[in-house]
>>> print(open('my_file-v1.cif').read())   # mmCIF, C-alpha atoms
data_start
loop_
_atom_site.label_atom_id
_atom_site.label_comp_id
_atom_site.auth_asym_id
_atom_site.auth_seq_id
_atom_site.Cartn_x
_atom_site.Cartn_y
_atom_site.Cartn_z
CA MET A 2 129.30 169.92 132.56
CA ALA A 3 131.37 167.52 130.50
CA ARG A 4 128.70 164.89 130.94
CA THR A 5 125.77 167.13 130.08
CA GLY A 6 127.61 169.22 127.49
CA LYS A 7 125.18 171.64 125.80
CA ALA A 8 122.12 170.09 127.45
CA ALA A 9 120.16 172.55 129.60
CA SER A 10 117.71 171.63 132.33
CA SER A 11 115.11 174.25 131.38
CA ALA A 12 114.06 176.25 128.34
CA ALA A 13 115.06 179.46 130.15
CA GLU A 14 118.54 178.09 130.81
CA ALA A 15 118.87 176.96 127.19
CA LEU A 16 117.70 180.35 125.92
CA GLY A 17 120.01 182.47 128.04
CA PHE A 18 119.95 186.25 127.79
CA VAL A 19 118.01 187.92 124.98
CA GLU A 20 118.55 191.62 124.44
CA ASP A 21 115.76 194.11 123.79
CA GLY A 22 115.56 194.80 120.06
CA ALA A 23 116.95 191.40 119.09
CA THR A 24 116.09 189.76 115.76
CA ILE A 25 114.90 186.17 116.24
CA VAL A 26 114.22 183.58 113.54
CA VAL A 27 111.65 180.99 114.63
CA GLY A 28 111.31 177.52 113.07
CA GLY A 29 107.89 176.06 112.24
CA PHE A 30 105.18 176.02 109.59
CA GLY A 31 101.56 176.14 110.76
CA ASP A 32 101.46 174.05 113.92
CA ALA A 33 104.35 171.82 112.83
CA GLY A 34 107.82 172.03 114.32
CA ILE A 35 107.32 175.14 116.44
CA PRO A 36 109.72 175.71 119.39
CA LEU A 37 106.87 176.55 121.79
CA ALA A 38 108.83 176.05 125.03
CA LEU A 39 111.60 178.40 123.88
CA LEU A 40 109.06 180.98 122.68
CA ASP A 41 107.45 180.85 126.14
CA ALA A 42 110.88 181.34 127.71
CA VAL A 43 111.41 184.42 125.50
CA ALA A 44 108.06 185.84 126.65
CA ASP A 45 108.73 184.98 130.32
CA GLY A 46 112.07 186.79 130.09
CA GLY A 47 110.27 190.10 129.47
CA VAL A 48 112.26 191.13 126.39
CA ARG A 49 110.77 193.88 124.16
CA HIS A 50 111.05 195.49 120.71
CA LEU A 51 111.76 192.20 118.97
CA THR A 52 111.95 191.58 115.24
CA LEU A 53 110.63 188.08 114.52
CA ILE A 54 111.32 186.16 111.31
CA SER A 55 108.73 183.41 110.92
CA ILE A 56 106.63 181.61 108.28
CA ASN A 57 103.35 182.32 110.13
CA ALA A 58 102.31 184.66 112.96
CA GLY A 59 101.04 181.98 115.34
CA ARG A 60 97.59 180.74 116.25
CA GLY A 61 95.49 181.53 119.30
CA ARG A 62 97.72 182.94 122.05
CA ALA A 63 100.61 180.47 121.87
CA GLY A 64 104.16 180.83 120.58
CA VAL A 65 104.66 183.79 118.24
CA ALA A 66 101.03 184.78 118.90
CA ARG A 67 101.78 185.10 122.63
CA LEU A 68 104.74 187.40 121.94
CA ILE A 69 102.56 189.56 119.65
CA THR A 70 99.72 189.62 122.20
CA GLU A 71 102.13 190.78 124.92
CA LYS A 72 103.37 193.58 122.62
CA ARG A 73 106.93 192.34 122.54
CA VAL A 74 107.15 192.33 118.74
CA ASP A 75 107.74 195.58 116.83
CA ARG A 76 108.40 194.00 113.50
CA LEU A 77 107.44 190.77 111.78
CA VAL A 78 109.23 189.40 108.72
CA CYS A 79 106.75 186.81 107.53
CA CYS A 80 105.21 184.97 104.55
CA PHE A 81 101.75 184.05 105.73
CA PRO A 82 100.72 186.03 108.84
CA ARG A 83 96.98 185.58 108.28
CA THR A 84 95.85 182.00 108.89
CA ALA A 85 92.93 180.35 110.66
CA GLY A 86 93.20 181.47 114.29
CA SER A 87 95.83 184.21 113.78
CA ILE A 88 93.88 186.49 116.12
CA ALA A 89 96.94 188.03 117.81
CA PHE A 90 98.45 189.20 114.53
CA GLU A 91 95.10 190.44 113.21
CA GLU A 92 94.55 192.54 116.36
CA ALA A 93 98.07 194.00 116.19
CA TRP A 94 97.59 194.71 112.47
CA ALA A 95 94.23 196.43 113.07
CA GLU A 96 95.78 198.53 115.89
CA ARG A 97 98.76 199.34 113.63
CA ARG A 98 101.22 198.36 116.33
CA ILE A 99 103.17 195.85 114.27
CA ASP A 100 105.34 196.50 111.24
CA LEU A 101 104.96 193.72 108.66
CA GLU A 102 107.56 192.91 106.03
CA LEU A 103 105.82 190.41 103.75
CA VAL A 104 108.33 188.14 102.00
CA PRO A 105 107.70 185.30 99.52
CA MET A 106 108.45 182.05 101.34
CA GLY A 107 111.26 180.87 99.09
CA THR A 108 112.86 184.32 99.20
CA LEU A 109 112.67 184.36 103.00
CA VAL A 110 114.41 180.98 103.10
CA ALA A 111 117.01 182.05 100.52
CA ARG A 112 117.76 185.27 102.47
CA LEU A 113 118.37 183.20 105.60
CA GLN A 114 120.49 180.72 103.61
CA ALA A 115 122.54 183.64 102.28
CA GLY A 116 123.02 184.87 105.84
CA ALA A 117 124.09 181.38 106.87
CA ALA A 118 126.51 181.17 103.94
CA GLY A 119 128.10 184.58 104.50
CA ILE A 120 126.69 185.95 101.23
CA PRO A 121 125.39 189.51 101.76
CA ALA A 122 122.95 189.72 98.81
CA PHE A 123 121.79 187.86 95.71
CA PHE A 124 119.58 188.32 92.65
CA CYS A 125 116.26 186.46 92.77
CA PRO A 126 113.68 185.82 90.01
CA VAL A 127 110.71 185.97 92.44
CA GLY A 128 108.64 189.11 92.96
CA VAL A 129 109.80 191.07 89.91
CA GLY A 130 107.44 193.97 89.22
CA THR A 131 105.35 193.38 92.34
CA ASP A 132 104.57 195.57 95.35
CA LEU A 133 107.00 193.44 97.41
CA SER A 134 109.95 194.53 95.25
CA VAL A 135 109.38 198.29 95.16
CA GLY A 136 112.72 200.12 95.45
CA LYS A 137 114.83 197.00 94.98
CA GLU A 138 117.63 197.01 92.43
CA ASP A 139 116.84 194.88 89.38
CA ARG A 140 119.04 193.26 86.78
CA SER A 141 118.61 190.73 83.97
CA PHE A 142 120.44 187.43 83.80
CA GLU A 143 120.05 185.25 80.70
CA GLY A 144 117.31 187.60 79.55
CA ARG A 145 115.24 187.20 82.68
CA PRO A 146 114.66 190.00 85.22
CA HIS A 147 115.73 189.52 88.84
CA VAL A 148 115.59 191.68 91.98
CA LEU A 149 118.35 192.17 94.52
CA GLU A 150 117.56 190.54 97.86
CA THR A 151 119.65 190.98 101.01
CA ALA A 152 120.73 188.34 103.51
CA LEU A 153 119.06 187.91 106.88
CA ARG A 154 121.43 187.30 109.80
CA PRO A 155 119.30 187.01 112.95
CA ASP A 156 120.83 187.33 116.42
CA LEU A 157 119.04 184.24 117.67
CA GLY A 158 117.47 181.11 116.15
CA LEU A 159 114.79 179.05 117.92
CA VAL A 160 114.67 175.49 116.65
CA ARG A 161 112.37 172.49 117.21
CA ALA A 162 113.96 169.10 116.46
CA HIS A 163 113.19 165.44 117.16
CA ARG A 164 116.41 164.18 118.74
CA GLY A 165 119.47 165.93 120.07
CA ASP A 166 122.66 164.88 121.82
CA ARG A 167 124.87 166.66 124.34
CA PHE A 168 127.04 167.97 121.50
CA GLY A 169 124.06 169.88 120.08
CA ASN A 170 123.65 167.60 117.05
CA LEU A 171 120.05 167.40 115.84
CA THR A 172 117.78 165.16 113.77
CA TYR A 173 114.20 165.89 112.71
CA ARG A 174 110.98 164.07 111.94
CA GLY A 175 108.56 164.45 109.04
CA THR A 176 107.57 167.93 107.94
CA ASP A 177 108.73 169.38 111.27
CA ARG A 178 111.94 170.13 109.35
CA ASN A 179 110.40 173.13 107.56
CA LEU A 180 112.32 176.31 108.53
CA ASN A 181 114.18 174.73 111.47
CA LEU A 182 117.33 173.59 109.64
CA VAL A 183 117.83 176.99 108.02
CA ALA A 184 116.99 178.85 111.26
CA ALA A 185 119.75 176.95 113.05
CA ARG A 186 122.34 177.84 110.42
CA ALA A 187 121.37 181.47 109.79
CA ALA A 188 121.33 182.77 113.36
CA ALA A 189 124.44 184.02 115.14
CA ARG A 190 123.35 181.83 118.05
CA ALA A 191 120.79 179.00 117.90
CA VAL A 192 119.06 177.10 120.70
CA ALA A 193 116.96 173.98 120.23
CA GLU A 194 114.18 172.10 122.00
CA VAL A 195 113.88 168.40 121.23
CA ASP A 196 111.49 165.51 121.86
CA THR A 197 114.35 163.33 123.05
CA LEU A 198 117.63 164.58 124.47
CA GLN A 199 120.28 161.90 124.84
CA VAL A 200 123.71 162.03 126.46
CA GLU A 201 125.29 159.57 124.02
CA ALA A 202 126.17 160.89 120.57
CA LEU A 203 123.73 160.58 117.67
CA ASP A 204 124.81 158.59 114.62
CA PRO A 205 127.04 161.02 112.66
CA GLU A 206 125.57 159.67 109.38
CA ARG A 207 122.08 160.79 110.39
CA ILE A 208 122.79 164.27 111.76
CA GLU A 209 120.95 167.03 109.92
CA THR A 210 122.03 170.03 112.03
CA PRO A 211 125.65 169.72 113.20
CA GLY A 212 126.09 170.70 116.83
CA LEU A 213 128.41 173.53 115.85
CA TYR A 214 125.31 175.61 115.06
CA VAL A 215 123.55 174.89 118.36
CA SER A 216 124.72 176.61 121.55
CA ARG A 217 122.29 174.95 124.00
CA LEU A 218 119.37 172.50 123.84
CA VAL A 219 116.60 171.29 126.08
CA ALA A 220 114.08 168.45 126.13
CA ALA A 221 110.54 169.83 125.79
CA MET B 278 83.87 173.75 92.22
CA GLN B 279 84.42 169.97 92.41
CA GLN B 280 83.64 169.72 88.70
CA ALA B 281 86.14 172.44 87.84
CA ALA B 282 88.76 170.64 89.96
CA ALA B 283 87.97 167.39 88.14
CA ARG B 284 88.32 169.15 84.75
CA LEU B 285 91.72 170.47 85.82
CA ALA B 286 92.85 167.13 87.27
CA ALA B 287 91.99 165.37 83.99
CA ASP B 288 94.22 167.82 82.07
CA LEU B 289 97.36 167.24 84.20
CA PRO B 290 99.96 165.33 82.18
CA GLU B 291 100.93 161.89 83.43
CA GLY B 292 104.03 161.95 85.61
CA ALA B 293 103.81 165.71 86.23
CA VAL B 294 105.19 167.25 89.42
CA VAL B 295 102.34 169.41 90.69
CA ASN B 296 102.05 171.85 93.60
CA LEU B 297 98.53 172.62 94.83
CA GLY B 298 98.08 176.02 96.45
CA ARG B 299 95.94 176.78 99.49
CA GLY B 300 92.16 176.89 99.30
CA LEU B 301 90.30 175.69 96.21
CA PRO B 302 93.33 173.97 94.57
CA GLY B 303 93.14 171.45 97.42
CA LEU B 304 90.06 170.03 95.64
CA VAL B 305 92.35 168.78 92.87
CA ALA B 306 93.95 166.26 95.24
CA SER B 307 90.64 164.53 95.90
CA ALA B 308 89.71 164.79 92.19
CA LEU B 309 92.95 162.98 91.31
CA GLY B 310 92.17 160.17 93.74
CA ASP B 311 94.47 157.46 95.01
CA GLY B 312 97.13 156.13 92.67
CA ALA B 313 96.98 158.91 90.07
CA PRO B 314 100.25 159.13 88.10
CA ILE B 315 101.00 162.61 89.47
CA TRP B 316 103.69 163.68 91.96
CA LEU B 317 102.25 166.20 94.39
CA GLN B 318 104.78 168.54 95.96
CA ALA B 319 103.81 170.24 99.22
CA GLU B 320 106.05 173.27 99.70
CA ASN B 321 106.40 172.65 103.43
CA GLY B 322 108.57 169.67 102.49
CA ILE B 323 107.02 166.66 100.72
CA LEU B 324 107.36 165.28 97.21
CA GLY B 325 104.84 162.47 96.80
CA VAL B 326 101.90 163.49 98.99
CA GLY B 327 99.36 160.65 99.24
CA GLN B 328 95.91 161.32 100.63
CA ILE B 329 94.53 163.34 103.51
CA ALA B 330 95.16 161.10 106.53
CA GLU B 331 92.47 159.60 108.73
CA ASP B 332 92.00 160.66 112.34
CA GLY B 333 94.88 159.76 114.60
CA ALA B 334 97.50 160.34 111.92
CA ALA B 335 100.93 161.64 112.85
CA GLY B 336 100.94 165.38 113.55
CA TRP B 337 104.48 165.57 112.20
CA LEU B 338 103.44 164.80 108.63
CA THR B 339 101.27 167.58 107.21
CA ASP B 340 100.78 169.26 103.86
CA ALA B 341 101.20 172.99 103.18
CA SER B 342 97.56 173.58 104.16
CA LYS B 343 98.44 172.01 107.54
CA ARG B 344 96.32 168.89 106.97
CA PRO B 345 97.73 165.52 108.12
CA VAL B 346 98.64 163.48 105.05
CA THR B 347 100.00 160.10 104.02
CA LEU B 348 102.94 159.53 101.68
CA ARG B 349 102.85 157.60 98.44
CA GLN B 350 105.51 155.02 97.65
CA GLY B 351 108.72 156.74 96.61
CA ALA B 352 107.93 159.94 98.50
CA ALA B 353 110.65 162.15 99.98
CA ILE B 354 110.63 164.56 102.93
CA PHE B 355 112.87 167.64 103.09
CA ASP B 356 113.15 171.13 104.53
CA LEU B 357 112.09 174.48 103.06
CA ALA B 358 115.52 175.10 101.54
CA ASP B 359 115.21 171.99 99.36
CA SER B 360 111.55 172.67 98.69
CA PHE B 361 112.07 176.18 97.35
CA ASP B 362 115.23 175.21 95.47
CA MET B 363 112.97 172.73 93.61
CA ILE B 364 110.43 175.49 92.97
CA ARG B 365 112.85 178.27 92.00
CA SER B 366 114.86 176.03 89.66
CA GLY B 367 111.77 175.21 87.55
CA ARG B 368 111.31 171.60 88.68
CA ILE B 369 107.58 172.03 89.36
CA ASP B 370 105.70 171.26 86.14
CA VAL B 371 102.37 172.77 87.15
CA ALA B 372 101.50 175.05 90.06
CA VAL B 373 97.74 175.13 90.66
CA LEU B 374 96.89 178.35 92.48
CA GLY B 375 93.79 180.17 93.65
CA ALA B 376 93.30 183.79 92.64
CA PHE B 377 91.45 186.99 93.47
CA GLU B 378 91.88 188.02 89.81
CA VAL B 379 93.50 186.78 86.60
CA SER B 380 93.95 189.09 83.61
CA HIS B 381 93.42 188.02 80.02
CA GLY B 382 97.18 188.46 79.58
CA GLY B 383 97.89 185.93 82.35
CA ASP B 384 98.67 188.30 85.23
CA LEU B 385 97.92 186.66 88.58
CA ALA B 386 96.65 188.58 91.63
CA ASN B 387 96.39 186.38 94.71
CA HIS B 388 98.37 187.88 97.60
CA ALA B 389 96.57 191.10 98.51
CA SER B 390 92.82 191.73 98.53
CA ALA B 391 91.03 195.05 98.06
CA GLU B 392 90.04 195.10 101.75
CA PRO B 393 92.54 197.38 103.59
CA THR B 394 91.77 195.87 107.01
CA PHE B 395 92.55 192.40 105.65
CA PRO B 396 96.30 191.78 105.99
CA PRO B 397 98.12 190.46 102.92
CA ALA B 398 99.65 186.98 102.82
CA VAL B 399 101.94 185.65 100.12
CA GLY B 400 103.19 182.27 101.38
CA GLY B 401 104.89 180.35 98.59
CA ALA B 402 102.51 181.57 95.88
CA MET B 403 104.84 184.26 94.50
CA ASP B 404 107.75 181.80 94.22
CA LEU B 405 105.50 179.24 92.51
CA ALA B 406 103.89 181.81 90.20
CA ALA B 407 107.28 183.16 89.09
CA CYS B 408 109.14 179.86 88.72
CA ALA B 409 106.84 176.89 88.03
CA ARG B 410 106.95 175.72 84.39
CA GLU B 411 103.20 176.40 84.12
CA VAL B 412 100.69 178.16 86.35
CA TRP B 413 97.08 177.03 86.25
CA VAL B 414 94.41 178.84 88.26
CA LEU B 415 91.36 177.26 89.88
CA MET B 416 88.90 179.92 91.03
CA ARG B 417 85.23 180.85 91.10
CA HIS B 418 84.07 182.61 87.96
CA ARG B 419 82.73 185.59 89.88
CA THR B 420 83.29 187.25 93.27
CA ALA B 421 80.77 186.85 96.10
CA GLY B 422 79.49 190.29 95.08
CA GLY B 423 79.01 189.16 91.47
CA GLY B 424 82.07 190.92 90.01
CA ALA B 425 84.32 189.44 87.35
CA LYS B 426 87.53 187.66 88.43
CA PHE B 427 88.85 186.92 84.92
CA VAL B 428 89.42 190.49 83.80
CA GLU B 429 91.10 192.56 81.09
CA GLN B 430 93.48 194.17 83.62
CA CYS B 431 93.99 193.22 87.27
CA THR B 432 92.87 195.92 89.71
CA LEU B 433 94.65 194.24 92.66
CA PRO B 434 98.43 194.02 93.23
CA VAL B 435 99.93 191.52 90.79
CA THR B 436 101.67 188.44 92.25
CA ALA B 437 103.38 187.55 88.95
CA ALA B 438 102.86 189.07 85.49
CA GLY B 439 101.89 187.08 82.40
CA VAL B 440 102.37 183.63 83.95
CA VAL B 441 98.89 182.03 83.99
CA ARG B 442 98.37 179.52 81.13
CA ARG B 443 95.04 177.96 82.17
CA VAL B 444 92.00 179.19 84.11
CA TYR B 445 89.43 176.72 85.45
CA THR B 446 86.23 178.15 86.92
CA ASP B 447 82.84 176.74 87.84
CA LEU B 448 81.58 178.05 84.50
CA ALA B 449 84.45 177.79 82.02
CA THR B 450 87.95 176.68 81.09
CA TYR B 451 90.30 179.08 79.31
CA ALA B 452 93.73 178.64 77.76
CA LEU B 453 95.94 181.74 77.88
CA PRO B 454 98.61 181.44 75.20
CA ARG B 455 101.78 183.41 75.94
CA GLY B 456 101.38 186.81 74.31
CA GLY B 457 97.99 185.90 72.79
CA SER B 458 94.30 186.30 73.56
CA PRO B 459 92.36 183.92 75.82
CA ILE B 460 90.80 180.87 74.21
CA LEU B 461 87.57 179.49 75.65
CA LEU B 462 88.10 175.72 75.84
CA TRP B 463 84.91 174.79 77.63
CA GLN B 464 81.85 176.47 79.06
CA SER B 465 79.01 175.30 81.21
CA PRO B 466 75.78 174.90 79.19
CA SER B 467 74.07 177.10 81.78
CA ALA B 468 76.89 179.59 82.01
CA GLY B 469 75.93 182.67 80.06
CA ILE B 470 79.63 183.42 79.60
CA GLN B 471 78.95 186.01 76.93
CA GLN B 472 77.02 188.02 79.45
CA HIS B 473 80.08 187.99 81.72
CA THR B 474 82.63 188.90 79.11
CA GLU B 475 80.79 190.94 76.50
CA ARG B 476 82.47 194.16 77.58
CA SER B 477 85.91 192.78 76.85
CA HIS B 478 86.22 189.67 74.72
CA HIS B 479 83.52 187.70 72.91
CA LEU B 480 85.24 184.58 74.07
CA SER B 481 82.56 182.21 72.89
CA ASP B 482 83.41 183.23 69.29
CA ARG B 483 86.90 181.86 69.78
CA SER B 484 85.98 178.41 70.99
CA GLY B 485 87.40 175.66 68.85
CA GLN B 486 90.49 177.62 67.88
#
>>> encode(input="my_file-v1.cif", output="C-alpha cells")
Amino acid sequence: MARTGKAASSAAEALGFVEDGATIVVGGFGDAGIPLALLDAVADGGVRHLTLISINAGRGRAGVARLITEKRVDRLVCCFPRTAGSIAFEEAWAERRIDLELVPMGTLVARLQAGAAGIPAFFCPVGVGTDLSVGKEDRSFEGRPHVLETALRPDLGLVRAHRGDRFGNLTYRGTDRNLNLVAARAAARAVAEVDTLQVEALDPERIETPGLYVSRLVAA
Amino acid sequence: MQQAAARLAADLPEGAVVNLGRGLPGLVASALGDGAPIWLQAENGILGVGQIAEDGAAGWLTDASKRPVTLRQGAAIFDLADSFDMIRSGRIDVAVLGAFEVSHGGDLANHASAEPTFPPAVGGAMDLAACAREVWVLMRHRTAGGGAKFVEQCTLPVTAAGVVRRVYTDLATYALPRGGSPILLWQSPSAGIQQHTERSHHLSDRSGQ
C-alpha cells in the first residue's frame, strides 16, 4: 500500500461505495475531459436516485448519458443539457422523469467554488430578473442588482486529469481542465482517472490539484 | 449570414477581448481570419483562440463549441473558474451572442425557446450577457416562420435585460443606445426593412443619426 498509495487497480476500486441519493459533480465540457471510466463504474455499481452536477448531459449513451438512460438520475444541475447527440437527456425530459435545475455556467462554477471554500452563499450579478432567479433574494451593491446564490457541496467528485501520482496529485492538459479542477475541490470526496499514473511524485511546481483533494485515482 | 458576420467583425475594435457564442457567432471567427488583432476568449478555457484546427488535431484543445482549435501566439489555457472570473469581472470587451429575440430596449432572449418540448439551455450566455462590457447580437432578421426577431418587447424569457448594444442581421445593422431608441446603421438594399418594422419604429427615418 505504501508503494501504490492512492493508486487503484480499477475504476470500481477507485470509486468505492456510492450511496443511493448521492450528489455527484462530474468534470468535463462537451467531449473534453470527461471521467468516462468512473461514470461507467458508477453505473455498474447499480446506484440510484442520483443528483448529477455537470456542464452537459452527455452524448449518445456514454458517461452521464448512460446514467440518465439507465434511470439512475433523478435530478440534473446543468448549464447546457441539450447538445448535438444528447438523446438520453431529451428522452428523459420528454418523459418528465428528470428534474432539471438550469444554472448559468459561471454561477454553477462559482457555487462549487463557494462550496470548496466553505462559503455558504454569495451575491451574484448574473441572472437578475430572469426565470432562473425566481424566488432568490436580491440586493444591490454599488448600485447594481445581485441575486443570492447558494454553495454546492457534492458528496462525490469525478475528475479526469492527464497525470497523477500515488499521492493523488494531478496535472491536466489543454481544455480538459474545464470543470475538473473545481469538481475536485468542491466535493467531500473526489476520485480521479488519469492518462498516466506514476508511482514517483509529480513536480510540486506543476501540480494543479493537490493530492489532499483526491482520495483515490486510476489509470484509464 | 457570412456578410453580417463580416460586418460585425469589421466593427470590433483592435485589441478587443471577444467571446463568440455558440451557433451563428462562430462565423465571426472565420470573418476575422488569421492574424486579426483580436483576442478570442473561449469560455471553456482559452484566451487567444487561433483557427479551427485541421483533421488530426489534438482532441484536448477545443473551443466552447467543441471544435478542435489552434492557439495564437501568447495564448493561455485555464479552467472554468478562471474563465468565468474573467467574464464576471468585466474583462470581456465584446460578447457576440446569438438570439431568439432582441427587444428595441436591448433585452436579450436566447436561453429558452417557445417550444415547450424543447429543453432550455443557458451555457455561459447569461454570464456573458450580464457581465461583458458590451453585448452584440448576430442573428437572422426573421424566424424560419417569417416572424420578427428584433421586437418591441421580448415574448420569450429574458436572458439579460437592456444589455444589447448592437444587432447584426442578414438585412440590417442596428445600434441600441443605452436608454434610447434603436438607430438603423445599415440596411440591405433589397431588405424592405420598413415593411418589417412599420408597426413599431420607422427605423429607416432614423438612419444617419
>>> residues_around(input="my_file-v1.cif", residues="range 38-40 of chain A", least_positions_apart="6", cutoff="7 Å", atoms="all atoms listed in the file", output="mmCIF file with C-alpha atoms, in the frame of the given file")
data_model
loop_
_atom_site.group_PDB
_atom_site.id
_atom_site.type_symbol
_atom_site.label_atom_id
_atom_site.label_comp_id
_atom_site.auth_asym_id
_atom_site.auth_seq_id
_atom_site.Cartn_x
_atom_site.Cartn_y
_atom_site.Cartn_z
ATOM 1 C CA ALA A 12 114.060 176.250 128.340
ATOM 2 C CA LEU A 16 117.700 180.350 125.920
ATOM 3 C CA GLY A 64 104.160 180.830 120.580
ATOM 4 C CA VAL A 65 104.660 183.790 118.240
ATOM 5 C CA LEU A 159 114.790 179.050 117.920
ATOM 6 C CA ALA A 221 110.540 169.830 125.790
#
>>> resolve_selection(input="my_file-v1.cif", expression="the PyMOL selection byres ((chain A) within 8 of (chain B))", output="MDAnalysis selection string")
chainID A and resid 30:34 56 80:83 91 94:95 103:108 110:111 114 126:132 174:183
>>> write_last_selection(input="my_file-v1.cif", atoms="C-alpha atoms", output="PDB file, in the frame of the given file")
ATOM      1  CA  PHE A  30     105.180 176.020 109.590  1.00  0.00           C
ATOM      2  CA  GLY A  31     101.560 176.140 110.760  1.00  0.00           C
ATOM      3  CA  ASP A  32     101.460 174.050 113.920  1.00  0.00           C
ATOM      4  CA  ALA A  33     104.350 171.820 112.830  1.00  0.00           C
ATOM      5  CA  GLY A  34     107.820 172.030 114.320  1.00  0.00           C
ATOM      6  CA  ILE A  56     106.630 181.610 108.280  1.00  0.00           C
ATOM      7  CA  CYS A  80     105.210 184.970 104.550  1.00  0.00           C
ATOM      8  CA  PHE A  81     101.750 184.050 105.730  1.00  0.00           C
ATOM      9  CA  PRO A  82     100.720 186.030 108.840  1.00  0.00           C
ATOM     10  CA  ARG A  83      96.980 185.580 108.280  1.00  0.00           C
ATOM     11  CA  GLU A  91      95.100 190.440 113.210  1.00  0.00           C
ATOM     12  CA  TRP A  94      97.590 194.710 112.470  1.00  0.00           C
ATOM     13  CA  ALA A  95      94.230 196.430 113.070  1.00  0.00           C
ATOM     14  CA  LEU A 103     105.820 190.410 103.750  1.00  0.00           C
ATOM     15  CA  VAL A 104     108.330 188.140 102.000  1.00  0.00           C
ATOM     16  CA  PRO A 105     107.700 185.300  99.520  1.00  0.00           C
ATOM     17  CA  MET A 106     108.450 182.050 101.340  1.00  0.00           C
ATOM     18  CA  GLY A 107     111.260 180.870  99.090  1.00  0.00           C
ATOM     19  CA  THR A 108     112.860 184.320  99.200  1.00  0.00           C
ATOM     20  CA  VAL A 110     114.410 180.980 103.100  1.00  0.00           C
ATOM     21  CA  ALA A 111     117.010 182.050 100.520  1.00  0.00           C
ATOM     22  CA  GLN A 114     120.490 180.720 103.610  1.00  0.00           C
ATOM     23  CA  PRO A 126     113.680 185.820  90.010  1.00  0.00           C
ATOM     24  CA  VAL A 127     110.710 185.970  92.440  1.00  0.00           C
ATOM     25  CA  GLY A 128     108.640 189.110  92.960  1.00  0.00           C
ATOM     26  CA  VAL A 129     109.800 191.070  89.910  1.00  0.00           C
ATOM     27  CA  GLY A 130     107.440 193.970  89.220  1.00  0.00           C
ATOM     28  CA  THR A 131     105.350 193.380  92.340  1.00  0.00           C
ATOM     29  CA  ASP A 132     104.570 195.570  95.350  1.00  0.00           C
ATOM     30  CA  ARG A 174     110.980 164.070 111.940  1.00  0.00           C
ATOM     31  CA  GLY A 175     108.560 164.450 109.040  1.00  0.00           C
ATOM     32  CA  THR A 176     107.570 167.930 107.940  1.00  0.00           C
ATOM     33  CA  ASP A 177     108.730 169.380 111.270  1.00  0.00           C
ATOM     34  CA  ARG A 178     111.940 170.130 109.350  1.00  0.00           C
ATOM     35  CA  ASN A 179     110.400 173.130 107.560  1.00  0.00           C
ATOM     36  CA  LEU A 180     112.320 176.310 108.530  1.00  0.00           C
ATOM     37  CA  ASN A 181     114.180 174.730 111.470  1.00  0.00           C
ATOM     38  CA  LEU A 182     117.330 173.590 109.640  1.00  0.00           C
ATOM     39  CA  VAL A 183     117.830 176.990 108.020  1.00  0.00           C
TER      40      VAL A 183
END
>>> closest_residue(input="my_file-v1.cif", among="A:Ile120, A:Ala23, A:Ala189, A:Leu109", to="Val74 in chain A", atoms="all atoms listed in the file")
A:Ala23
>>> resolve_selection(input="my_file-v1.cif", expression="the PyMOL selection byres ((chain A and resi 90) around 12)", output="PyMOL selection string")
(chain A and resi 57-72+74-77+79+81-89+91-101) or (chain B and resi 395-398)
>>> resolve_selection(input="my_file-v1.cif", expression="the PyMOL selection byres ((chain A and resi 162) around 7)", output="list in words")
Val160, Arg161, His163, Arg164, Leu171, Thr172, Tyr173, Ala193, Glu194, Val195 and Asp196 of chain A
>>> atom_distance(input="my_file-v1.cif", atom1="CA of Ala286 in chain B", atom2="CA of Gly298 in chain B")
13.8 Å
>>> residues_around(input="my_file-v1.cif", residues="range 215-220 of chain A", least_positions_apart="4", cutoff="7 Å", atoms="only C-alpha atoms", output="VMD selection string")
chain A and resid 7 to 12 15 169 185 190 to 198
>>> residues_around(input="my_file-v1.cif", residues="range 282-285 of chain B", least_positions_apart="3", cutoff="7 Å", atoms="only C-alpha atoms", output="number ranges by chain")
B: 278-279, 288-289, 304-305, 308, 445
>>> closest_residue(input="my_file-v1.cif", among="B:Gln430, B:Ser465, B:Thr450, B:Gln318", to="Val371 in chain B", atoms="all atoms listed in the file")
B:Gln318
>>> atom_distance(input="my_file-v1.cif", atom1="CA of Val26 in chain A", atom2="CA of Pro155 in chain A")
6.2 Å
>>> atom_distance(input="my_file-v1.cif", atom1="CA of Ala287 in chain B", atom2="CA of Leu374 in chain B")
16.3 Å
>>> axis_aligned_box(input="my_file-v1.cif", around="range 300-314 of chain B", padding_each_side="4 Å", output="AutoDock Vina command-line options")
--center_x 95.0 --center_y 166.5 --center_z 93.7 --size_x 18.5 --size_y 28.8 --size_z 19.2
>>> residues_around(input="my_file-v1.cif", residues="Ala468 in chain B", least_positions_apart="3", cutoff="8 Å", atoms="only C-alpha atoms", output="list of chain:residue names")
B:Leu448, B:Ala449, B:Gln464, B:Ser465
>>> residues_around(input="my_file-v1.cif", residues="Phe427 in chain B", least_positions_apart="5", cutoff="7 Å", atoms="only C-alpha atoms", output="list in words")
Glu378, Val379, Ser380 and His381 of chain B
